[in-house]
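structure34.tsv follows; it contains TSV, C-alpha atoms and all ligand atoms.
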chain	number	residue	atom	x	y	z
Y	982	MET	CA	-5.28	151.63	93.38
Y	983	GLU	CA	-2.65	151.11	95.98
Y	984	LEU	CA	-1.55	147.67	97.16
Y	985	ARG	CA	-1.09	148.03	100.89
Y	986	GLU	CA	0.35	145.84	103.58
Y	987	ILE	CA	-1.28	146.24	106.97
Y	988	LYS	CA	0.56	144.65	109.89
Y	989	ASP	CA	-1.13	143.18	112.94
Y	990	ARG	CA	0.39	143.46	116.41
Y	991	GLY	CA	2.46	140.35	115.86
Y	992	GLY	CA	3.87	141.72	112.58
Y	993	GLU	CA	1.78	139.43	110.33
Y	994	VAL	CA	1.02	141.05	107.00
Y	995	PHE	CA	-2.50	141.50	105.66
Y	996	VAL	CA	-2.64	142.67	102.04
Y	997	VAL	CA	-5.38	144.93	100.69
Y	998	LYS	CA	-6.06	146.80	97.47
Y	999	SER	CA	-7.05	150.34	98.45
Y	1000	TYR	CA	-9.37	152.19	96.15
Y	1001	ASP	CA	-11.90	154.96	96.73
Y	1002	GLY	CA	-11.57	154.81	100.49
Y	1003	ILE	CA	-12.17	151.06	100.73
Y	1004	ASN	CA	-9.66	148.25	101.38
Y	1005	PHE	CA	-10.57	145.45	98.99
Y	1006	PRO	CA	-9.22	141.89	99.07
Y	1007	PRO	CA	-6.32	141.32	96.66
Y	1008	ASN	CA	-8.40	139.01	94.47
Y	1009	VAL	CA	-10.70	141.82	93.29
Y	1010	PRO	CA	-9.52	142.03	89.66
Y	1011	GLY	CA	-6.81	144.34	88.35
Y	1012	ASN	CA	-6.58	147.85	89.66
Y	1013	VAL	CA	-10.13	147.60	91.18
Y	1014	LYS	CA	-11.18	150.86	89.51
Y	1015	ASP	CA	-11.70	149.33	86.06
Y	1016	HIS	CA	-13.67	146.46	87.55
Y	1017	ILE	CA	-15.85	148.76	89.62
Y	1018	ASP	CA	-16.45	151.03	86.64
Y	1019	ALA	CA	-17.59	148.00	84.64
Y	1020	VAL	CA	-19.78	146.78	87.52
Y	1021	LYS	CA	-21.42	150.19	87.86
Y	1022	ASN	CA	-22.33	150.07	84.17
Y	1023	MET	CA	-23.67	146.52	84.16
Y	1024	LYS	CA	-26.88	146.01	82.26
Y	1025	TYR	CA	-30.03	145.05	84.12
Y	1026	LYS	CA	-31.79	141.74	83.48
Y	1027	GLU	CA	-35.39	141.17	84.41
Y	1028	GLY	CA	-35.65	139.56	87.85
Y	1029	ASP	CA	-32.17	140.55	89.07
Y	1030	VAL	CA	-31.68	140.40	92.82
Y	1031	PHE	CA	-28.74	142.21	94.39
Y	1032	PHE	CA	-27.53	140.35	97.46
Y	1033	ALA	CA	-25.11	142.21	99.75
Y	1034	THR	CA	-23.26	141.06	102.86
Y	1035	PHE	CA	-20.18	141.81	104.89
Y	1036	PRO	CA	-17.85	138.77	104.54
Y	1037	LYS	CA	-18.65	135.76	106.73
Y	1038	SER	CA	-22.23	136.76	107.36
Y	1039	GLY	CA	-23.88	133.82	105.59
Y	1040	THR	CA	-23.36	134.87	101.97
Y	1041	HIS	CA	-23.30	131.33	100.59
Y	1042	TRP	CA	-26.20	130.30	102.77
Y	1043	GLY	CA	-28.40	133.17	101.61
Y	1044	PHE	CA	-27.32	132.63	98.03
Y	1045	ASP	CA	-28.46	129.00	97.90
Y	1046	ILE	CA	-31.77	129.80	99.58
Y	1047	MET	CA	-32.51	132.46	96.96
Y	1048	TYR	CA	-31.21	130.28	94.15
Y	1049	MET	CA	-33.62	127.51	95.12
Y	1050	LEU	CA	-36.53	129.92	95.53
Y	1051	GLN	CA	-35.86	131.64	92.21
Y	1052	ASN	CA	-35.63	128.33	90.38
Y	1053	GLY	CA	-38.61	126.74	92.14
Y	1054	LYS	CA	-36.50	123.63	92.89
Y	1055	ALA	CA	-34.77	122.63	96.11
Y	1056	GLU	CA	-31.48	121.94	94.33
Y	1057	TYR	CA	-28.13	123.40	95.32
Y	1058	LYS	CA	-26.18	125.69	93.05
Y	1059	THR	CA	-23.16	123.89	91.62
Y	1060	GLY	CA	-19.87	125.72	91.08
Y	1061	ASN	CA	-19.18	129.22	92.28
Y	1062	VAL	CA	-21.75	131.78	93.35
Y	1063	SER	CA	-22.10	134.72	90.93
Y	1064	ALA	CA	-19.76	137.01	92.84
Y	1065	VAL	CA	-19.78	140.55	91.51
Y	1066	ASP	CA	-16.58	141.43	93.36
Y	1067	PHE	CA	-14.38	138.77	91.79
Y	1068	GLN	CA	-15.84	137.71	88.45
Y	1069	ASP	CA	-15.34	139.38	85.15
Y	1070	VAL	CA	-18.36	141.46	84.23
Y	1071	SER	CA	-18.69	139.64	80.89
Y	1072	LYS	CA	-19.22	136.41	82.88
Y	1073	LEU	CA	-21.80	138.06	85.13
Y	1074	GLU	CA	-23.59	139.42	82.08
Y	1075	ALA	CA	-23.71	135.95	80.56
Y	1076	ILE	CA	-25.68	134.51	83.49
Y	1077	LYS	CA	-29.26	133.75	82.52
Y	1078	SER	CA	-31.97	135.57	84.42
Y	1079	PRO	CA	-33.15	135.53	87.08
Y	1080	ARG	CA	-29.72	136.34	88.50
Y	1081	ILE	CA	-28.58	136.73	92.09
Y	1082	LEU	CA	-25.72	139.21	92.01
Y	1083	VAL	CA	-23.87	138.63	95.24
Y	1084	SER	CA	-21.41	141.17	96.60
Y	1085	HIS	CA	-19.60	142.60	99.59
Y	1086	PHE	CA	-19.32	145.98	97.87
Y	1087	TYR	CA	-20.42	149.24	99.45
Y	1088	PRO	CA	-23.49	150.89	97.91
Y	1089	GLN	CA	-21.37	153.46	96.04
Y	1090	HIS	CA	-19.82	150.65	93.97
Y	1091	ILE	CA	-22.87	148.66	92.88
Y	1092	PRO	CA	-24.51	148.69	89.42
Y	1093	GLN	CA	-26.40	151.92	88.80
Y	1094	THR	CA	-29.28	149.82	87.48
Y	1095	VAL	CA	-30.00	148.57	91.01
Y	1096	ILE	CA	-31.30	152.07	91.75
Y	1097	ASP	CA	-32.58	152.97	88.30
Y	1098	LYS	CA	-34.57	149.74	87.86
Y	1099	LYS	CA	-35.55	149.45	91.53
Y	1100	CYS	CA	-33.94	146.06	91.73
Y	1101	LYS	CA	-34.71	143.90	94.77
Y	1102	VAL	CA	-31.89	144.10	97.32
Y	1103	VAL	CA	-31.31	141.60	100.13
Y	1104	TYR	CA	-28.81	142.39	102.91
Y	1105	ILE	CA	-27.88	139.74	105.48
Y	1106	TYR	CA	-25.90	140.77	108.55
Y	1107	ARG	CA	-24.36	138.76	111.38
Y	1108	ASN	CA	-23.22	139.77	114.84
Y	1109	PRO	CA	-19.63	141.01	114.66
Y	1110	LYS	CA	-18.32	138.66	117.36
Y	1111	ASP	CA	-19.22	135.52	115.39
Y	1112	THR	CA	-18.15	137.32	112.21
Y	1113	VAL	CA	-14.61	137.95	113.46
Y	1114	VAL	CA	-14.26	134.34	114.64
Y	1115	SER	CA	-15.42	133.08	111.25
Y	1116	MET	CA	-13.14	135.49	109.40
Y	1117	HIS	CA	-10.04	134.57	111.34
Y	1118	THR	CA	-10.43	130.88	110.50
Y	1119	PHE	CA	-11.43	131.65	106.93
Y	1120	VAL	CA	-8.43	133.84	106.14
Y	1121	LYS	CA	-6.10	131.16	107.42
Y	1122	ARG	CA	-7.78	128.44	105.40
Y	1123	LEU	CA	-7.61	130.31	102.10
Y	1124	ASN	CA	-5.10	129.45	99.42
Y	1125	ILE	CA	-5.45	132.74	97.56
Y	1126	GLU	CA	-2.41	134.75	96.51
Y	1127	SER	CA	-1.55	137.55	98.97
Y	1128	ILE	CA	-4.07	136.22	101.50
Y	1129	LYS	CA	-2.61	132.75	102.13
Y	1130	THR	CA	0.51	134.12	103.82
Y	1131	TYR	CA	-1.35	135.83	106.68
Y	1132	ASN	CA	-0.91	133.69	109.78
Y	1133	GLY	CA	-1.94	135.94	112.67
Y	1134	THR	CA	-3.04	134.56	116.02
Y	1135	TRP	CA	-6.62	134.89	117.26
Y	1136	GLU	CA	-5.46	137.30	119.92
Y	1137	ASP	CA	-3.93	139.62	117.35
Y	1138	PHE	CA	-6.74	139.24	114.84
Y	1139	VAL	CA	-9.56	140.14	117.20
Y	1140	GLU	CA	-7.83	143.41	118.00
Y	1141	PHE	CA	-6.88	143.93	114.34
Y	1142	PHE	CA	-10.50	143.48	113.18
Y	1143	ILE	CA	-11.78	146.16	115.47
Y	1144	THR	CA	-8.99	148.71	115.11
Y	1145	HIS	CA	-8.09	148.47	111.40
Y	1146	ASP	CA	-9.79	148.58	108.05
Y	1147	LEU	CA	-9.32	145.04	106.74
Y	1148	HIS	CA	-11.14	143.59	103.72
Y	1149	TYR	CA	-14.13	145.87	103.05
Y	1150	ASN	CA	-13.01	148.14	105.88
Y	1151	SER	CA	-15.07	147.54	109.00
Y	1152	TRP	CA	-18.22	145.64	109.92
Y	1153	PHE	CA	-19.64	148.87	111.37
Y	1154	GLN	CA	-19.03	150.94	108.26
Y	1155	HIS	CA	-20.55	148.25	106.04
Y	1156	ILE	CA	-23.71	147.87	108.11
Y	1157	LYS	CA	-24.14	151.62	108.32
Y	1158	SER	CA	-23.63	152.14	104.59
Y	1159	TRP	CA	-26.37	149.65	103.72
Y	1160	MET	CA	-28.76	150.98	106.35
Y	1161	ASP	CA	-28.17	154.44	104.84
Y	1162	PHE	CA	-28.72	153.07	101.35
Y	1163	LYS	CA	-32.13	151.78	102.42
Y	1164	LYS	CA	-33.05	155.12	103.95
Y	1165	LYS	CA	-31.85	157.17	100.99
Y	1166	ASN	CA	-33.53	154.97	98.39
Y	1167	PRO	CA	-37.05	154.38	99.69
Y	1168	ASP	CA	-38.18	153.31	96.19
Y	1169	VAL	CA	-35.71	150.44	96.07
Y	1170	PRO	CA	-37.08	147.34	97.83
Y	1171	VAL	CA	-34.53	146.30	100.46
Y	1172	LEU	CA	-34.93	143.28	102.73
Y	1173	ILE	CA	-32.61	143.20	105.74
Y	1174	LEU	CA	-32.26	139.87	107.54
Y	1175	SER	CA	-29.97	138.59	110.25
Y	1176	PHE	CA	-27.95	135.38	110.31
Y	1177	GLU	CA	-29.21	134.82	113.85
Y	1178	ASP	CA	-32.90	135.04	112.93
Y	1179	MET	CA	-32.29	132.69	110.02
Y	1180	LYS	CA	-30.59	130.26	112.35
Y	1181	GLN	CA	-33.38	130.50	114.90
Y	1182	ASP	CA	-36.16	129.82	112.41
Y	1183	LEU	CA	-34.97	129.02	108.93
Y	1184	ARG	CA	-38.36	127.94	107.59
Y	1185	LYS	CA	-39.91	131.27	108.57
Y	1186	ASN	CA	-37.10	133.22	106.94
Y	1187	VAL	CA	-37.26	131.12	103.77
Y	1188	GLN	CA	-40.90	132.18	103.53
Y	1189	ILE	CA	-40.03	135.84	104.21
Y	1190	ILE	CA	-37.46	135.76	101.40
Y	1191	ALA	CA	-39.87	133.97	99.06
Y	1192	GLU	CA	-42.54	136.59	99.69
Y	1193	PHE	CA	-40.03	139.36	99.06
Y	1194	LEU	CA	-38.79	137.78	95.84
Y	1195	GLY	CA	-42.31	136.94	94.73
Y	1196	SER	CA	-41.37	133.31	94.16
Y	1197	LYS	CA	-43.53	130.17	94.34
Y	1198	GLN	CA	-45.67	130.16	97.48
Y	1199	ASP	CA	-45.88	126.53	98.51
Y	1200	PRO	CA	-45.49	125.45	102.15
Y	1201	GLU	CA	-44.08	122.05	101.19
Y	1202	PHE	CA	-41.51	123.68	98.95
Y	1203	PHE	CA	-40.50	126.03	101.79
Y	1204	ASP	CA	-40.03	122.98	104.04
Y	1205	GLU	CA	-37.84	121.37	101.42
Y	1206	VAL	CA	-35.70	124.49	100.92
Y	1207	ALA	CA	-35.30	124.95	104.68
Y	1208	ASN	CA	-34.26	121.30	105.11
Y	1209	LYS	CA	-31.73	121.47	102.30
Y	1210	CYS	CA	-30.30	124.73	103.67
Y	1211	GLN	CA	-29.76	123.56	107.26
Y	1212	PHE	CA	-26.06	123.75	108.04
Y	1213	GLY	CA	-25.50	119.97	108.21
Y	1214	ALA	CA	-27.16	119.21	104.88
Y	1215	MET	CA	-25.61	122.15	103.13
Y	1216	SER	CA	-22.04	121.71	104.33
Y	1217	LYS	CA	-22.20	118.01	103.38
Y	1218	ALA	CA	-23.50	118.78	99.90
Y	1219	LYS	CA	-20.93	121.53	99.40
Y	1220	SER	CA	-18.02	119.30	100.48
Y	1221	THR	CA	-17.81	118.14	96.86
Y	1222	ASN	CA	-18.02	121.58	95.27
Y	1223	THR	CA	-14.66	121.48	93.48
Y	1224	GLU	CA	-14.58	125.19	92.60
Y	1225	GLU	CA	-14.92	126.14	96.27
Y	1226	LEU	CA	-12.61	123.38	97.52
Y	1227	SER	CA	-9.88	124.68	95.26
Y	1228	LEU	CA	-9.79	127.92	97.29
Y	1229	SER	CA	-8.58	126.24	100.48
Y	1230	LYS	CA	-5.18	125.06	101.64
Y	1231	ASP	CA	-6.43	121.70	102.89
Y	1232	GLY	CA	-8.99	120.79	100.22
Y	1233	SER	CA	-11.98	121.44	102.51
Y	1234	ASN	CA	-14.70	123.93	101.62
Y	1235	PRO	CA	-13.60	127.17	103.34
Y	1236	PHE	CA	-17.11	128.63	103.35
Y	1237	TYR	CA	-18.37	126.05	105.89
Y	1238	ARG	CA	-17.14	125.65	109.44
Y	1239	LYS	CA	-19.67	125.46	112.29
Y	1240	GLY	CA	-22.56	127.67	111.24
Y	1241	ASP	CA	-23.45	128.49	114.84
Y	1242	VAL	CA	-24.63	131.53	116.74
Y	1243	GLY	CA	-22.56	132.24	119.86
Y	1244	ASP	CA	-19.41	130.29	118.97
Y	1245	TRP	CA	-17.56	133.52	119.83
Y	1246	LYS	CA	-17.91	132.55	123.50
Y	1247	ASN	CA	-15.43	129.75	122.84
Y	1248	TRP	CA	-12.88	132.24	121.52
Y	1249	PHE	CA	-13.20	135.58	123.32
Y	1250	THR	CA	-11.49	136.10	126.65
Y	1251	VAL	CA	-13.27	138.33	129.17
Y	1252	ALA	CA	-10.83	141.16	128.38
Y	1253	GLN	CA	-11.33	140.81	124.59
Y	1254	ASN	CA	-15.08	140.84	125.07
Y	1255	GLU	CA	-14.92	143.99	127.18
Y	1256	MET	CA	-12.71	145.71	124.61
Y	1257	PHE	CA	-15.08	144.66	121.82
Y	1258	ASP	CA	-18.19	145.80	123.71
Y	1259	LYS	CA	-16.64	149.20	124.36
Y	1260	VAL	CA	-15.93	149.78	120.67
Y	1261	LEU	CA	-19.35	148.39	119.74
Y	1262	ALA	CA	-21.11	150.81	122.05
Y	1263	GLU	CA	-19.31	153.75	120.40
Y	1264	LYS	CA	-19.64	152.65	116.80
Y	1265	MET	CA	-23.23	151.43	116.95
Y	1266	GLU	CA	-24.49	154.74	118.25
Y	1267	GLY	CA	-27.19	155.97	115.93
Y	1268	ILE	CA	-27.44	152.63	114.09
Y	1269	ASP	CA	-30.95	151.34	114.61
Y	1270	LEU	CA	-30.45	147.60	114.25
Y	1271	GLU	CA	-31.00	144.70	116.60
Y	1272	VAL	CA	-27.89	142.54	116.86
Y	1273	LYS	CA	-28.23	139.14	118.57
Y	1274	TYR	CA	-25.19	137.47	120.09
Y	1275	THR	CA	-26.89	134.33	121.34
Y	1276	LEU	CA	-30.16	132.56	120.60
M	1301	LIG	P1	-18.72	129.92	110.61
M	1301	LIG	O1	-17.30	130.14	110.19
M	1301	LIG	O2	-19.06	130.64	111.87
M	1301	LIG	O3	-19.10	128.49	110.67
M	1301	LIG	P2	-19.97	133.48	104.09
M	1301	LIG	O4	-20.72	132.58	103.18
M	1301	LIG	O5	-20.49	134.87	104.12
M	1301	LIG	O6	-18.52	133.39	103.83
M	1301	LIG	O7	-20.24	132.98	105.58
M	1301	LIG	C1	-19.64	131.79	106.06
M	1301	LIG	C2	-20.25	131.48	107.41
M	1301	LIG	O8	-21.61	131.04	107.21
M	1301	LIG	C3	-19.53	130.32	108.08
M	1301	LIG	O9	-19.66	130.59	109.48
M	1301	LIG	C4	-20.37	129.15	107.64
M	1301	LIG	O10	-20.18	127.98	108.39
M	1301	LIG	C5	-21.76	129.74	107.78
M	1301	LIG	N1	-22.79	128.98	107.04
M	1301	LIG	C6	-22.74	128.55	105.76
M	1301	LIG	N2	-23.86	127.86	105.46
M	1301	LIG	C7	-24.63	127.87	106.56
M	1301	LIG	C8	-25.91	127.30	106.87
M	1301	LIG	N3	-26.60	126.59	105.99
M	1301	LIG	N4	-26.39	127.50	108.11
M	1301	LIG	C9	-25.70	128.22	109.04
M	1301	LIG	N5	-24.47	128.77	108.79
M	1301	LIG	C10	-23.96	128.59	107.57
What is this file in structure tokens?
Ligand code: A3P
Amino acid sequence: MELREIKDRGGEVFVVKSYDGINFPPNVPGNVKDHIDAVKNMKYKEGDVFFATFPKSGTHWGFDIMYMLQNGKAEYKTGNVSAVDFQDVSKLEAIKSPRILVSHFYPQHIPQTVIDKKCKVVYIYRNPKDTVVSMHTFVKRLNIESIKTYNGTWEDFVEFFITHDLHYNSWFQHIKSWMDFKKKNPDVPVLILSFEDMKQDLRKNVQIIAEFLGSKQDPEFFDEVANKCQFGAMSKAKSTNTEELSLSKDGSNPFYRKGDVGDWKNWFTVAQNEMFDKVLAEKMEGIDLEVKYTL
């Protein structure tokens, strides 16, 4: 593992832990390798769901929806989500089943049991323009060692995001790796959903997830889960989640901001949008995925 400092155009330093071709955030434990080796060897528990996202794509949103569905109760998860990337494997192994193992890892770093046991995999993606807006604010809100010092401007960050491998390398590489995983592992059930579709019709997507997970099929329960997982209700409930609040500089919950589709229009200049679209056109070639930028 190599601790690397990547500088944006303005000279602001972004710290990553480089291992096996991927730039991880500095809060992935230790030298990364030992943690990943332990993750790869994690034991399977009946009912495990592996939930993968690129950062800022609605990880916490998807987690609570699945948590409610798995438990058959429209009650929020308290404390931290069970994050494979950051938590000690002994802690993850201690979680009672059914577990939702949430991660931003690439497929080559996930538990081998996901493939061997044909574990259910959910992947949520979000359009990269809203993702970069969300990430810029998020990074600056965080009070995590080696992340909290980054103070780049929006102008520098938008260019940085598209030209450099930041945390978990690039949005494009991540999406492609998980699409490839689905193709290469036709026996593993993989559900791919978009943030935008969930935003457009949450109730419908709650039902899609419930059907995929094989959880309780009850229209009233789906209504309840969808209501509890609307942005307003969820961000209010999570504003007292002390574990998550402790991660931010200002005592707010850094995982909740606006929860909108299309907020990027308030941030991108015409020139930034043109630059982004040009790179998108190149990098999305051959990736068969609908990406919505507005609703
Ligand atoms: P914004 O910064 O655009 O508001 P992650 O959990 O992967 O870190 O993603 C965080 C993003 O998901 C934030 O986006 C956050 O506001 C949004 N989000 C969280 N809960 C949501 C919900 N219930 N509905 C819509 N968006 C939600």
Select from chain Y every residue with an atom at most 8 Å from any atom of ligand LIG 1301 (chain M), then for each give the shortest pair of atoms and their distance in Å to one decimal, using only C-alpha atoms and all ligand atoms, rows by chain and rising number, as JSON lines.
{"residue": "Y:Thr1034", "atom": "CA", "partner": "M:LIG1301", "partner_atom": "O5", "distance": 6.9}
{"residue": "Y:Phe1035", "atom": "CA", "partner": "M:LIG1301", "partner_atom": "O5", "distance": 7.0}
{"residue": "Y:Pro1036", "atom": "CA", "partner": "M:LIG1301", "partner_atom": "O5", "distance": 4.7}
{"residue": "Y:Lys1037", "atom": "CA", "partner": "M:LIG1301", "partner_atom": "O5", "distance": 3.3}
{"residue": "Y:Ser1038", "atom": "CA", "partner": "M:LIG1301", "partner_atom": "O5", "distance": 4.1}
{"residue": "Y:Gly1039", "atom": "CA", "partner": "M:LIG1301", "partner_atom": "O7", "distance": 3.7}
{"residue": "Y:Thr1040", "atom": "CA", "partner": "M:LIG1301", "partner_atom": "O5", "distance": 3.6}
{"residue": "Y:His1041", "atom": "CA", "partner": "M:LIG1301", "partner_atom": "O4", "distance": 3.9}
{"residue": "Y:Trp1042", "atom": "CA", "partner": "M:LIG1301", "partner_atom": "N2", "distance": 4.3}
{"residue": "Y:Gly1043", "atom": "CA", "partner": "M:LIG1301", "partner_atom": "O4", "distance": 7.9}
{"residue": "Y:Asp1111", "atom": "CA", "partner": "M:LIG1301", "partner_atom": "O2", "distance": 6.0}
{"residue": "Y:Thr1112", "atom": "CA", "partner": "M:LIG1301", "partner_atom": "O2", "distance": 6.8}
{"residue": "Y:Val1114", "atom": "CA", "partner": "M:LIG1301", "partner_atom": "O2", "distance": 6.7}
{"residue": "Y:Ser1115", "atom": "CA", "partner": "M:LIG1301", "partner_atom": "O1", "distance": 3.6}
{"residue": "Y:Met1116", "atom": "CA", "partner": "M:LIG1301", "partner_atom": "O1", "distance": 6.8}
{"residue": "Y:Thr1118", "atom": "CA", "partner": "M:LIG1301", "partner_atom": "O1", "distance": 6.9}
{"residue": "Y:Phe1119", "atom": "CA", "partner": "M:LIG1301", "partner_atom": "O1", "distance": 6.9}
{"residue": "Y:Phe1176", "atom": "CA", "partner": "M:LIG1301", "partner_atom": "C9", "distance": 7.6}
{"residue": "Y:Lys1180", "atom": "CA", "partner": "M:LIG1301", "partner_atom": "C9", "distance": 6.2}
{"residue": "Y:Cys1210", "atom": "CA", "partner": "M:LIG1301", "partner_atom": "N3", "distance": 4.7}
{"residue": "Y:Gln1211", "atom": "CA", "partner": "M:LIG1301", "partner_atom": "N3", "distance": 4.6}
{"residue": "Y:Phe1212", "atom": "CA", "partner": "M:LIG1301", "partner_atom": "N3", "distance": 3.5}
{"residue": "Y:Gly1213", "atom": "CA", "partner": "M:LIG1301", "partner_atom": "N3", "distance": 7.1}
{"residue": "Y:Ala1214", "atom": "CA", "partner": "M:LIG1301", "partner_atom": "N3", "distance": 7.5}
{"residue": "Y:Met1215", "atom": "CA", "partner": "M:LIG1301", "partner_atom": "N3", "distance": 5.4}
{"residue": "Y:Ser1216", "atom": "CA", "partner": "M:LIG1301", "partner_atom": "N2", "distance": 6.5}
{"residue": "Y:Pro1235", "atom": "CA", "partner": "M:LIG1301", "partner_atom": "O6", "distance": 7.9}
{"residue": "Y:Phe1236", "atom": "CA", "partner": "M:LIG1301", "partner_atom": "C1", "distance": 4.9}
{"residue": "Y:Tyr1237", "atom": "CA", "partner": "M:LIG1301", "partner_atom": "O10", "distance": 3.6}
{"residue": "Y:Arg1238", "atom": "CA", "partner": "M:LIG1301", "partner_atom": "O3", "distance": 3.7}
{"residue": "Y:Lys1239", "atom": "CA", "partner": "M:LIG1301", "partner_atom": "O3", "distance": 3.5}
{"residue": "Y:Gly1240", "atom": "CA", "partner": "M:LIG1301", "partner_atom": "N5", "distance": 3.3}
{"residue": "Y:Asp1241", "atom": "CA", "partner": "M:LIG1301", "partner_atom": "O2", "distance": 5.7}
{"residue": "Y:Val1242", "atom": "CA", "partner": "M:LIG1301", "partner_atom": "O2", "distance": 7.5}
{"residue": "Y:Asp1244", "atom": "CA", "partner": "M:LIG1301", "partner_atom": "O2", "distance": 7.1}
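Nearest to Arg1080 (chain Y) of all the residues Y:Ser1233, Y:Ser1063, Y:Gln1154, Y:Asn1254 is Y:Ser1063, counting all atoms listed in the file.
Distance annotation: of Y:Val1139, Y:Ile1156, Y:Met1179, Y:Leu984, the residue with the minimal separation from Leu1270 (chain Y) is Y:Ile1156; atom set is all atoms listed in the file.
Nearest residue to Asn1008 (chain Y) among Y:Tyr1057, Y:Phe995, Y:Phe1067, Y:Phe1032 is Y:Phe1067, counting all atoms listed in the file.
The smallest atom-to-atom distance between Thr1275 (chain Y) and any of Y:Ile1189, Y:Asn1222, Y:Lys1110, Y:Phe1202, using only C-alpha atoms, is found for Y:Lys1110.
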Six-sided padding of 6 Å per side, axis-aligned box over region 1051-1056 of chain Y, centre and edges in Å, one decimal, as JSON:
{"center_x": -35.0, "center_y": 126.8, "center_z": 93.2, "size_x": 19.1, "size_y": 21.7, "size_z": 17.7}
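Between CA of Asp1168 (chain Y) and CA of Val1187 (chain Y) there is a distance of 23.5 Å.
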Dump C-alpha atoms of region 1247-1274 of chain Y from the given block, as a PDB file, in the first residue's frame.
ATOM      1  CA  ASN Y1247     -27.051  24.802 -10.153  1.00  0.00           C
ATOM      2  CA  TRP Y1248     -23.321  24.073 -10.112  1.00  0.00           C
ATOM      3  CA  PHE Y1249     -22.044  23.350 -13.630  1.00  0.00           C
ATOM      4  CA  THR Y1250     -21.126  26.202 -15.933  1.00  0.00           C
ATOM      5  CA  VAL Y1251     -21.809  25.704 -19.643  1.00  0.00           C
ATOM      6  CA  ALA Y1252     -18.083  25.082 -20.227  1.00  0.00           C
ATOM      7  CA  GLN Y1253     -17.841  22.525 -17.384  1.00  0.00           C
ATOM      8  CA  ASN Y1254     -20.887  20.724 -18.733  1.00  0.00           C
ATOM      9  CA  GLU Y1255     -19.409  20.571 -22.225  1.00  0.00           C
ATOM     10  CA  MET Y1256     -16.118  19.247 -20.871  1.00  0.00           C
ATOM     11  CA  PHE Y1257     -17.974  16.645 -18.793  1.00  0.00           C
ATOM     12  CA  ASP Y1258     -20.184  15.554 -21.706  1.00  0.00           C
ATOM     13  CA  LYS Y1259     -17.158  15.088 -23.931  1.00  0.00           C
ATOM     14  CA  VAL Y1260     -15.450  12.785 -21.438  1.00  0.00           C
ATOM     15  CA  LEU Y1261     -18.743  10.992 -20.771  1.00  0.00           C
ATOM     16  CA  ALA Y1262     -19.242  10.265 -24.451  1.00  0.00           C
ATOM     17  CA  GLU Y1263     -15.777   8.679 -24.646  1.00  0.00           C
ATOM     18  CA  LYS Y1264     -15.869   6.717 -21.412  1.00  0.00           C
ATOM     19  CA  MET Y1265     -19.441   5.446 -21.688  1.00  0.00           C
ATOM     20  CA  GLU Y1266     -18.814   3.885 -25.062  1.00  0.00           C
ATOM     21  CA  GLY Y1267     -19.725   0.230 -24.871  1.00  0.00           C
ATOM     22  CA  ILE Y1268     -21.431   0.617 -21.475  1.00  0.00           C
ATOM     23  CA  ASP Y1269     -25.056  -0.341 -21.946  1.00  0.00           C
ATOM     24  CA  LEU Y1270     -26.734   1.630 -19.180  1.00  0.00           C
ATOM     25  CA  GLU Y1271     -29.353   4.351 -19.191  1.00  0.00           C
ATOM     26  CA  VAL Y1272     -28.201   7.367 -17.187  1.00  0.00           C
ATOM     27  CA  LYS Y1273     -30.797  10.044 -16.365  1.00  0.00           C
ATOM     28  CA  TYR Y1274     -29.695  13.584 -15.612  1.00  0.00           C
TER      29      TYR Y1274
END
